[in-house]
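**Q** The following file, structure.cif, comprises mmCIF, C-alpha atoms:
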data_structure
loop_
_atom_site.label_atom_id
_atom_site.label_comp_id
_atom_site.auth_asym_id
_atom_site.auth_seq_id
_atom_site.Cartn_x
_atom_site.Cartn_y
_atom_site.Cartn_z
CA MET A 1 80.81 120.02 46.52
CA LYS A 2 83.15 120.32 49.69
CA PRO A 3 83.61 117.80 52.47
CA LEU A 4 82.09 114.58 51.50
CA VAL A 5 78.92 115.10 53.54
CA CYS A 6 76.45 116.57 51.04
CA ILE A 7 74.36 119.44 52.30
CA ILE A 8 71.11 119.24 50.36
CA ILE A 9 69.12 116.00 50.42
CA LEU A 10 67.49 114.96 47.14
CA PHE A 11 64.51 112.65 47.35
CA VAL A 12 63.82 110.10 44.63
CA PHE A 13 60.34 109.06 43.55
CA PHE A 14 58.95 106.45 41.18
CA THR A 15 56.00 107.06 38.94
CA LEU A 16 54.65 103.81 37.52
CA PRO A 17 53.37 100.55 39.00
CA LEU A 18 55.80 97.68 39.13
CA SER A 19 55.57 95.15 36.33
CA ALA A 20 55.07 91.45 37.00
CA GLN A 21 58.45 90.49 35.59
CA LYS A 22 60.64 93.27 36.93
CA LYS A 23 60.71 94.93 40.31
CA LYS A 24 62.35 97.90 41.90
CA PHE A 25 64.96 97.05 44.53
CA THR A 26 66.31 99.59 47.00
CA PHE A 27 69.47 99.11 49.07
CA THR A 28 71.05 101.57 51.50
CA GLU A 29 74.30 101.50 53.41
CA THR A 30 76.32 104.25 55.08
CA LYS A 31 79.30 105.03 52.90
CA MET A 32 81.70 107.98 52.96
CA GLY A 33 79.92 109.50 55.94
CA SER A 34 76.38 109.53 54.53
CA PRO A 35 73.70 107.13 53.26
CA PHE A 36 74.45 105.66 49.85
CA ASN A 37 71.17 104.69 48.17
CA LEU A 38 71.23 102.20 45.34
CA ILE A 39 68.00 101.66 43.40
CA PHE A 40 67.64 99.46 40.34
CA VAL A 41 65.20 97.31 38.41
CA ALA A 42 65.73 93.55 38.22
CA SER A 43 63.68 90.37 38.04
CA ASP A 44 65.54 88.21 40.58
CA SER A 45 65.70 89.28 44.25
CA ILE A 46 68.61 87.00 45.13
CA LYS A 47 70.67 88.22 42.19
CA ALA A 48 69.74 91.82 43.05
CA ARG A 49 71.08 91.44 46.60
CA VAL A 50 74.33 89.95 45.33
CA ILE A 51 74.80 92.75 42.81
CA ALA A 52 74.03 95.41 45.42
CA GLN A 53 76.56 93.94 47.83
CA ASP A 54 79.17 93.86 45.08
CA CYS A 55 78.45 97.54 44.41
CA PHE A 56 78.86 98.45 48.08
CA SER A 57 82.16 96.54 48.14
CA LEU A 58 83.25 98.54 45.08
CA ILE A 59 82.37 101.77 46.89
CA ASP A 60 84.48 100.68 49.86
CA SER A 61 87.47 99.94 47.63
CA LEU A 62 87.22 103.33 45.91
CA SER A 63 86.75 105.16 49.20
CA GLN A 64 89.92 103.45 50.42
CA ILE A 65 91.69 105.27 47.58
CA PHE A 66 90.12 108.74 47.68
CA SER A 67 89.25 109.45 51.33
CA ASP A 68 91.42 111.92 53.23
CA TYR A 69 89.60 110.98 56.44
CA ASP A 70 90.98 107.43 56.32
CA THR A 71 94.62 107.55 57.43
CA THR A 72 95.36 104.33 55.51
CA SER A 73 94.01 105.55 52.16
CA GLU A 74 96.08 106.27 49.09
CA VAL A 75 95.34 109.99 49.33
CA SER A 76 96.43 110.06 52.98
CA LYS A 77 99.71 108.42 51.95
CA ILE A 78 100.28 111.16 49.39
CA ASN A 79 99.46 113.82 51.99
CA ALA A 80 101.86 112.21 54.48
CA HIS A 81 104.67 112.45 51.89
CA ALA A 82 104.14 116.16 51.22
CA GLY A 83 107.55 117.84 51.02
CA LEU A 84 109.28 114.46 51.07
CA SER A 85 108.85 112.42 47.90
CA PRO A 86 106.59 111.71 44.91
CA ILE A 87 104.09 108.85 45.18
CA LYS A 88 102.98 106.60 42.32
CA MET A 89 99.22 106.65 41.80
CA THR A 90 96.89 103.75 41.07
CA PRO A 91 94.98 104.05 37.78
CA ALA A 92 91.77 105.15 39.55
CA LEU A 93 93.48 107.95 41.46
CA PHE A 94 95.46 109.04 38.43
CA HIS A 95 92.21 109.34 36.47
CA LEU A 96 90.51 111.34 39.21
CA VAL A 97 93.53 113.63 39.51
CA GLN A 98 93.34 114.29 35.76
CA LEU A 99 89.63 115.14 36.04
CA SER A 100 90.39 117.39 39.01
CA GLU A 101 93.11 119.19 37.07
CA GLU A 102 90.63 119.85 34.26
CA ALA A 103 88.12 121.15 36.80
CA TYR A 104 90.74 123.48 38.30
CA VAL A 105 91.62 124.93 34.90
CA LYS A 106 88.04 125.25 33.69
CA SER A 107 86.84 126.88 36.91
CA HIS A 108 89.82 129.25 37.06
CA GLY A 109 90.76 127.83 40.45
CA ALA A 110 87.33 127.86 42.07
CA TYR A 111 87.54 124.07 42.35
CA ASP A 112 90.89 122.98 43.74
CA ILE A 113 91.75 119.59 45.28
CA SER A 114 94.81 121.11 46.98
CA ILE A 115 92.42 122.85 49.38
CA GLY A 116 93.15 120.21 52.03
CA PRO A 117 95.01 122.50 54.50
CA LEU A 118 92.03 124.87 54.58
CA SER A 119 89.57 121.96 54.85
CA LEU A 120 91.46 120.78 57.93
CA VAL A 121 91.30 124.21 59.57
CA TRP A 122 87.57 124.54 59.02
CA ARG A 123 86.75 120.96 60.02
CA LYS A 124 88.41 121.59 63.38
CA ALA A 125 86.61 124.92 63.71
CA ARG A 126 83.18 123.38 63.08
CA LYS A 127 83.93 120.53 65.46
CA LYS A 128 84.96 122.92 68.24
CA LYS A 129 82.33 125.47 67.19
CA GLN A 130 85.01 128.13 67.28
CA PHE A 131 85.77 130.48 64.40
CA PRO A 132 89.44 130.02 63.41
CA PRO A 133 91.91 132.88 63.82
CA ASP A 134 92.86 134.74 60.66
CA SER A 135 96.47 133.65 61.14
CA ALA A 136 95.50 129.97 60.87
CA VAL A 137 93.49 130.61 57.71
CA ASP A 138 96.30 132.66 56.14
CA ALA A 139 98.91 130.00 56.93
CA ALA A 140 96.76 127.26 55.39
CA ARG A 141 95.92 129.34 52.33
CA LYS A 142 99.63 129.67 51.48
CA LEU A 143 99.75 125.90 51.07
CA VAL A 144 96.86 125.83 48.60
CA GLY A 145 97.19 125.97 44.82
CA PHE A 146 96.93 123.14 42.34
CA ASN A 147 99.49 124.91 40.18
CA GLN A 148 102.06 123.92 42.82
CA VAL A 149 101.21 120.20 42.62
CA GLN A 150 103.73 118.26 40.53
CA ILE A 151 102.27 115.48 38.37
CA ASN A 152 104.37 113.23 36.15
CA LYS A 153 101.93 111.80 33.63
CA LEU A 154 104.46 109.34 32.22
CA SER A 155 105.35 107.72 35.53
CA LYS A 156 101.92 108.54 37.02
CA THR A 157 103.40 110.05 40.16
CA ILE A 158 102.24 113.01 42.20
CA TYR A 159 104.26 115.22 44.53
CA LEU A 160 103.16 117.88 46.99
CA PRO A 161 106.30 120.02 47.24
CA LYS A 162 105.56 121.75 50.56
CA LYS A 163 105.21 120.08 53.92
CA GLY A 164 101.63 120.51 55.12
CA MET A 165 100.06 120.43 51.66
CA ARG A 166 97.04 118.12 51.46
CA LEU A 167 94.72 116.83 48.76
CA ASP A 168 90.97 116.80 49.43
CA PHE A 169 88.71 115.21 46.80
CA GLY A 170 85.52 116.48 48.42
CA GLY A 171 83.34 117.87 45.67
CA ILE A 172 84.29 115.31 43.04
CA ALA A 173 84.86 111.87 44.58
CA LYS A 174 81.26 111.07 45.51
CA GLY A 175 79.97 111.92 42.04
CA TYR A 176 82.86 109.99 40.49
CA ILE A 177 82.11 106.92 42.61
CA ALA A 178 78.37 107.08 41.90
CA GLN A 179 79.17 107.18 38.18
CA TRP A 180 81.48 104.19 38.56
CA VAL A 181 78.68 102.24 40.26
CA ILE A 182 76.21 103.00 37.47
CA ASP A 183 78.78 101.98 34.84
CA GLU A 184 79.43 98.74 36.73
CA LEU A 185 75.70 98.00 36.86
CA LYS A 186 75.46 98.53 33.09
CA ASN A 187 78.30 96.06 32.62
CA ARG A 188 76.25 93.54 34.58
CA GLY A 189 73.11 94.08 32.52
CA ILE A 190 71.33 96.45 34.94
CA THR A 191 70.29 99.40 32.79
CA GLU A 192 67.55 101.00 34.94
CA ALA A 193 69.42 102.24 37.99
CA LEU A 194 70.12 105.19 40.25
CA ALA A 195 73.07 105.69 42.60
CA ASP A 196 72.67 108.39 45.24
CA ALA A 197 75.93 109.14 47.06
CA GLY A 198 74.54 111.42 49.74
CA GLY A 199 72.95 113.76 47.20
CA ASP A 200 75.35 113.29 44.29
CA ILE A 201 73.09 111.28 42.00
CA VAL A 202 73.86 109.38 38.81
CA MET A 203 71.17 107.51 36.90
CA SER A 204 70.85 105.33 33.83
CA SER A 205 67.64 104.61 31.92
CA SER A 206 64.18 105.45 33.25
CA PRO A 207 62.70 102.81 35.58
CA LEU A 208 59.81 100.55 34.56
CA ASN A 209 58.94 102.33 31.30
CA SER A 210 58.53 105.72 32.98
CA LYS A 211 59.72 108.96 31.40
CA GLY A 212 62.42 109.50 34.00
CA TRP A 213 63.53 109.37 37.59
CA LEU A 214 61.83 112.07 39.64
CA VAL A 215 64.16 114.03 41.90
CA GLY A 216 63.11 116.63 44.44
CA VAL A 217 65.19 119.71 45.28
CA ASN A 218 65.21 121.31 48.73
CA ILE A 219 63.95 124.79 49.41
CA PRO A 220 66.90 127.01 50.40
CA GLU A 221 67.80 126.96 54.10
CA THR A 222 65.62 123.90 54.84
CA THR A 223 66.44 120.24 55.39
CA ASP A 224 63.13 118.58 54.48
CA ASP A 225 60.97 121.02 52.52
CA LEU A 226 61.00 120.53 48.74
CA LEU A 227 60.26 122.80 45.84
CA SER A 228 56.80 122.06 44.41
CA LYS A 229 58.39 121.14 41.08
CA LYS A 230 60.39 117.94 40.57
CA LEU A 231 63.15 117.13 38.11
CA GLN A 232 62.53 114.32 35.62
CA LEU A 233 65.86 112.81 34.60
CA ALA A 234 67.41 109.81 32.86
CA ASN A 235 70.91 108.87 31.67
CA ILE A 236 72.39 111.89 33.39
CA SER A 237 73.72 113.15 36.73
CA VAL A 238 72.59 115.76 39.24
CA ALA A 239 74.34 117.26 42.25
CA THR A 240 73.43 119.94 44.74
CA SER A 241 75.37 122.10 47.14
CA GLY A 242 74.34 124.35 50.00
CA ASP A 243 75.02 125.23 53.63
CA VAL A 244 72.03 123.88 55.52
CA TYR A 245 74.01 121.26 57.46
CA GLN A 246 77.66 122.28 57.70
CA PHE A 247 78.49 125.87 58.51
CA ILE A 248 79.87 128.13 61.22
CA VAL A 249 78.52 131.52 62.29
CA LYS A 250 80.46 134.63 63.26
CA ASN A 251 78.85 137.98 64.03
CA GLY A 252 75.59 136.78 62.53
CA VAL A 253 77.22 135.74 59.24
CA LYS A 254 76.94 132.11 58.16
CA TYR A 255 80.12 130.71 56.58
CA SER A 256 79.46 127.61 54.47
CA HIS A 257 81.64 124.50 54.51
CA ILE A 258 82.35 125.30 50.84
CA ILE A 259 85.66 127.15 50.93
CA ASP A 260 86.79 129.71 48.39
CA PRO A 261 90.42 128.76 47.70
CA LYS A 262 91.30 132.36 46.92
CA THR A 263 90.08 133.83 50.24
CA GLY A 264 90.43 130.80 52.50
CA TYR A 265 86.96 131.37 53.97
CA GLY A 266 83.65 129.63 53.51
CA VAL A 267 81.26 131.27 51.08
CA THR A 268 78.56 133.46 52.60
CA SER A 269 76.21 133.80 49.62
CA LEU A 270 73.60 131.41 51.13
CA ARG A 271 72.58 129.88 47.83
CA ASN A 272 71.45 126.41 46.88
CA VAL A 273 73.09 125.15 43.70
CA THR A 274 71.77 122.29 41.55
CA VAL A 275 73.74 121.09 38.55
CA ILE A 276 72.61 118.63 35.87
CA ALA A 277 75.58 117.28 33.92
CA PRO A 278 76.62 114.37 31.70
CA SER A 279 78.72 112.65 34.39
CA GLY A 280 78.73 112.36 38.17
CA SER A 281 82.16 113.89 38.62
CA THR A 282 81.29 116.89 36.43
CA ALA A 283 78.02 117.56 38.25
CA ASP A 284 79.82 117.27 41.58
CA TRP A 285 82.70 119.69 41.00
CA LEU A 286 80.50 122.15 39.13
CA ALA A 287 78.15 122.33 42.12
CA THR A 288 81.11 123.40 44.26
CA ALA A 289 82.58 125.85 41.76
CA CYS A 290 79.19 127.42 41.02
CA SER A 291 78.65 127.95 44.75
CA ILE A 292 81.78 130.11 44.82
CA LEU A 293 81.70 132.02 41.54
CA PRO A 294 79.49 135.06 40.88
CA MET A 295 76.22 133.99 39.26
CA PRO A 296 77.04 135.18 35.70
CA LEU A 297 80.35 133.30 35.77
CA ALA A 298 78.68 130.24 37.31
CA LYS A 299 76.14 130.13 34.47
CA LYS A 300 78.89 130.53 31.89
CA LEU A 301 80.97 127.74 33.46
CA ALA A 302 78.03 125.33 33.51
CA GLN A 303 77.18 125.97 29.87
CA GLU A 304 80.81 125.56 28.81
CA ASN A 305 80.73 122.09 30.36
CA HIS A 306 77.45 121.00 28.73
CA ALA A 307 75.65 121.30 32.07
CA GLN A 308 72.56 123.11 33.30
CA LEU A 309 72.46 125.15 36.48
CA LEU A 310 69.81 126.21 38.98
CA ILE A 311 70.60 128.59 41.84
CA THR A 312 67.91 129.31 44.42
CA THR A 313 68.09 131.84 47.23
CA LEU A 314 65.73 133.09 49.91
CA GLN A 315 65.17 136.84 49.78
CA LYS A 316 62.75 138.30 52.32
CA GLY A 317 61.13 134.91 52.67
CA LYS A 318 60.61 134.43 48.93
CA ILE A 319 62.44 131.97 46.70
CA LYS A 320 64.39 133.54 43.86
CA TYR A 321 65.42 131.40 40.88
CA TYR A 322 68.46 131.89 38.66
CA ASN A 323 69.09 129.27 36.00
CA THR A 324 70.57 128.53 32.62
CA ALA A 325 68.03 128.67 29.82
CA SER A 326 67.79 124.93 29.19
CA PHE A 327 67.41 123.93 32.84
CA ASN A 328 63.64 124.35 32.63
CA LYS A 329 63.26 121.45 30.21
CA TYR A 330 64.12 119.05 33.04
CA TRP A 331 61.15 119.99 35.22
CA ALA A 332 58.52 117.24 35.32
CA PRO A 333 54.95 118.06 34.26
CA PHE A 334 52.73 118.97 37.22
CA ASN A 335 50.20 116.26 36.34
CA ILE A 336 52.57 113.40 37.15
CA ASN A 337 51.33 111.31 40.06
CA TYR A 338 54.11 111.10 42.67
CA HIS A 339 54.40 107.95 44.78
#
Using structure tokens, write down the structure that the file contains.

**A**
Amino acid sequence: MKPLVCIIILFVFFTLPLSAQKKKFTFTETKMGSPFNLIFVASDSIKARVIAQDCFSLIDSLSQIFSDYDTTSEVSKINAHAGLSPIKMTPALFHLVQLSEEAYVKSHGAYDISIGPLSLVWRKARKKKQFPPDSAVDAARKLVGFNQVQINKLSKTIYLPKKGMRLDFGGIAKGYIAQWVIDELKNRGITEALADAGGDIVMSSSPLNSKGWLVGVNIPETTDDLLSKKLQLANISVATSGDVYQFIVKNGVKYSHIIDPKTGYGVTSLRNVTVIAPSGSTADWLATACSILPMPLAKKLAQENHAQLLITTLQKGKIKYYNTASFNKYWAPFNINYH
């Protein structure tokens, strides 16, 4: 799903009037470079504010582990020791590394957290608005490959054997953190909740006796326009990926911020990808991998991971839909009244 700024914005709607006993509370803070929206149902406003603040503090603590932008984070420490020595991982990072290894294997390398050297090249290119030279891309690509990363599962250490190697958890960390927040809310008795980490969304039960949370999906190549249909979801996760915000253009070709580890270049397929999956981390990394893989392989990968996939593209001004067979069951009926 990429640097941690999500490309496609998903809008959340509620369908039923608030009950007298319970109310919907919405809290938003900027976390990990984008708005983190926390919405849940509770009966006490003071308690709701306390819980929300605890959740935002939890997000900060997890970001302090996973962010490669923060030079003091655990991941940055591992990157700084590339070619020097193994580093012992905290339980949270060890778990996320295990999930990332599974994603690498399942996606046949399309999702790869060792992509950090290439991420750095393209971040600088977008910032300077200058396409990087092929030599810089080739040099970075030689440092990429999760199969080179050395993990000792007994001692829970990780070692990047070449100087210049870097881990980048973009495309999995936001979904993972959103899932953690929802699980924490459940532990505190909040069972009707939604955590939106800049477009990587995890939700628990439907709010206020509705049939689901309603989520809008952007029209390809737009920032604000939504498809006429909405998704109706509960106890599940959804993530999207696209190129509407972060990209660089060369000779009229738009290169997405989503980098293909095998080529070293951003994908140019200009597709919007929406994945519905059992967990936030799975939805997140699948959205990245399915942006890179050919459509038949993307569909196969989603189905193998108990997920559903929608890919939309604009062709001659018309929206084209490609989706797994069961994706359609998540569309909300047209007669729902959106608020």

**Q** One number please: atom CA of A:Ile78 to atom CA of A:Gln64, in Å, one decimal.

**A** 13.0 Å

**Q** Please provide the set of residues having any atom within 6 Å of stretch 23-30 of chain A, restricted to all atoms listed in the file, with same-chain residues fewer than 2 positions apart removed, written as a list in words.

**A** Leu18, Ser34, Pro35, Phe36, Asn37, Leu38, Ile39, Phe40, Val41, Ala42 and Ser43 of chain A

**Q** For the file shown, report as a PyMOL selection string the outcome of the PyMOL selection byres ((chain A and resi 212) around 9) at residue level.

**A** chain A and resi 14-15+205-207+209-211+213-214+231-235+332

**Q** Expanded to explicit residues, what is the PyMOL selection byres ((chain A and resi 174) around 8) for this file, as JSON, numbers by chain?

**A** {"A": [4, 170, 171, 172, 173, 175, 176, 177, 178, 197, 198, 200, 280, 281, 284]}

**Q** Which residues come within 12 Å of A:Leu84, counting only C-alpha atoms, excluding same-chain residues fewer than 3 positions away, as a list in words?

**A**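 The neighbour list is Lys77, Ile78, Asn79, Ala80, His81, Ile87, Ile158, Tyr159, Leu160, Pro161, Lys162, Lys163, Gly164 and Met165 of chain A.
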
**Q** Check the smallest atom-to-atom distance from each of A:Val238, A:Ala140, A:Val275, A:Val215 to A:Leu120 using all atoms listed in the file, then report the winner.

**A**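 Closest to A:Leu120 of all the choices is A:Ala140.
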
**Q** For the structure provided, state which residues fall under the PyMOL selection byres ((chain A and resi 278) around 8), and present them as a tab-separated table (two decimals) with C-alpha atoms, keeping the file's coordinate frame.

**A**
chain	number	residue	atom	x	y	z
A	235	ASN	CA	70.91	108.87	31.67
A	236	ILE	CA	72.39	111.89	33.39
A	237	SER	CA	73.72	113.15	36.73
A	276	ILE	CA	72.61	118.63	35.87
A	277	ALA	CA	75.58	117.28	33.92
A	279	SER	CA	78.72	112.65	34.39
A	280	GLY	CA	78.73	112.36	38.17
A	282	THR	CA	81.29	116.89	36.43
A	283	ALA	CA	78.02	117.56	38.25
A	306	HIS	CA	77.45	121.00	28.73
A	307	ALA	CA	75.65	121.30	32.07

**Q** To one decimal in Å, tell me the separation between atom CA of A:Ala139 and atom CA of A:Ser107.

**A** 23.6 Å

**Q** Need to verify the contact set: A:Ser67, 9 Å, all atoms listed in the file, exclusion of same-chain residues closer than 6 positions in sequence. Can you return it as a list in words?

**A**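 My reading of the contact set: Leu4, Met32, Ser73, Glu74, Val75, Ser76, Asp168, Phe169, Gly170 and Ala173 of chain A.
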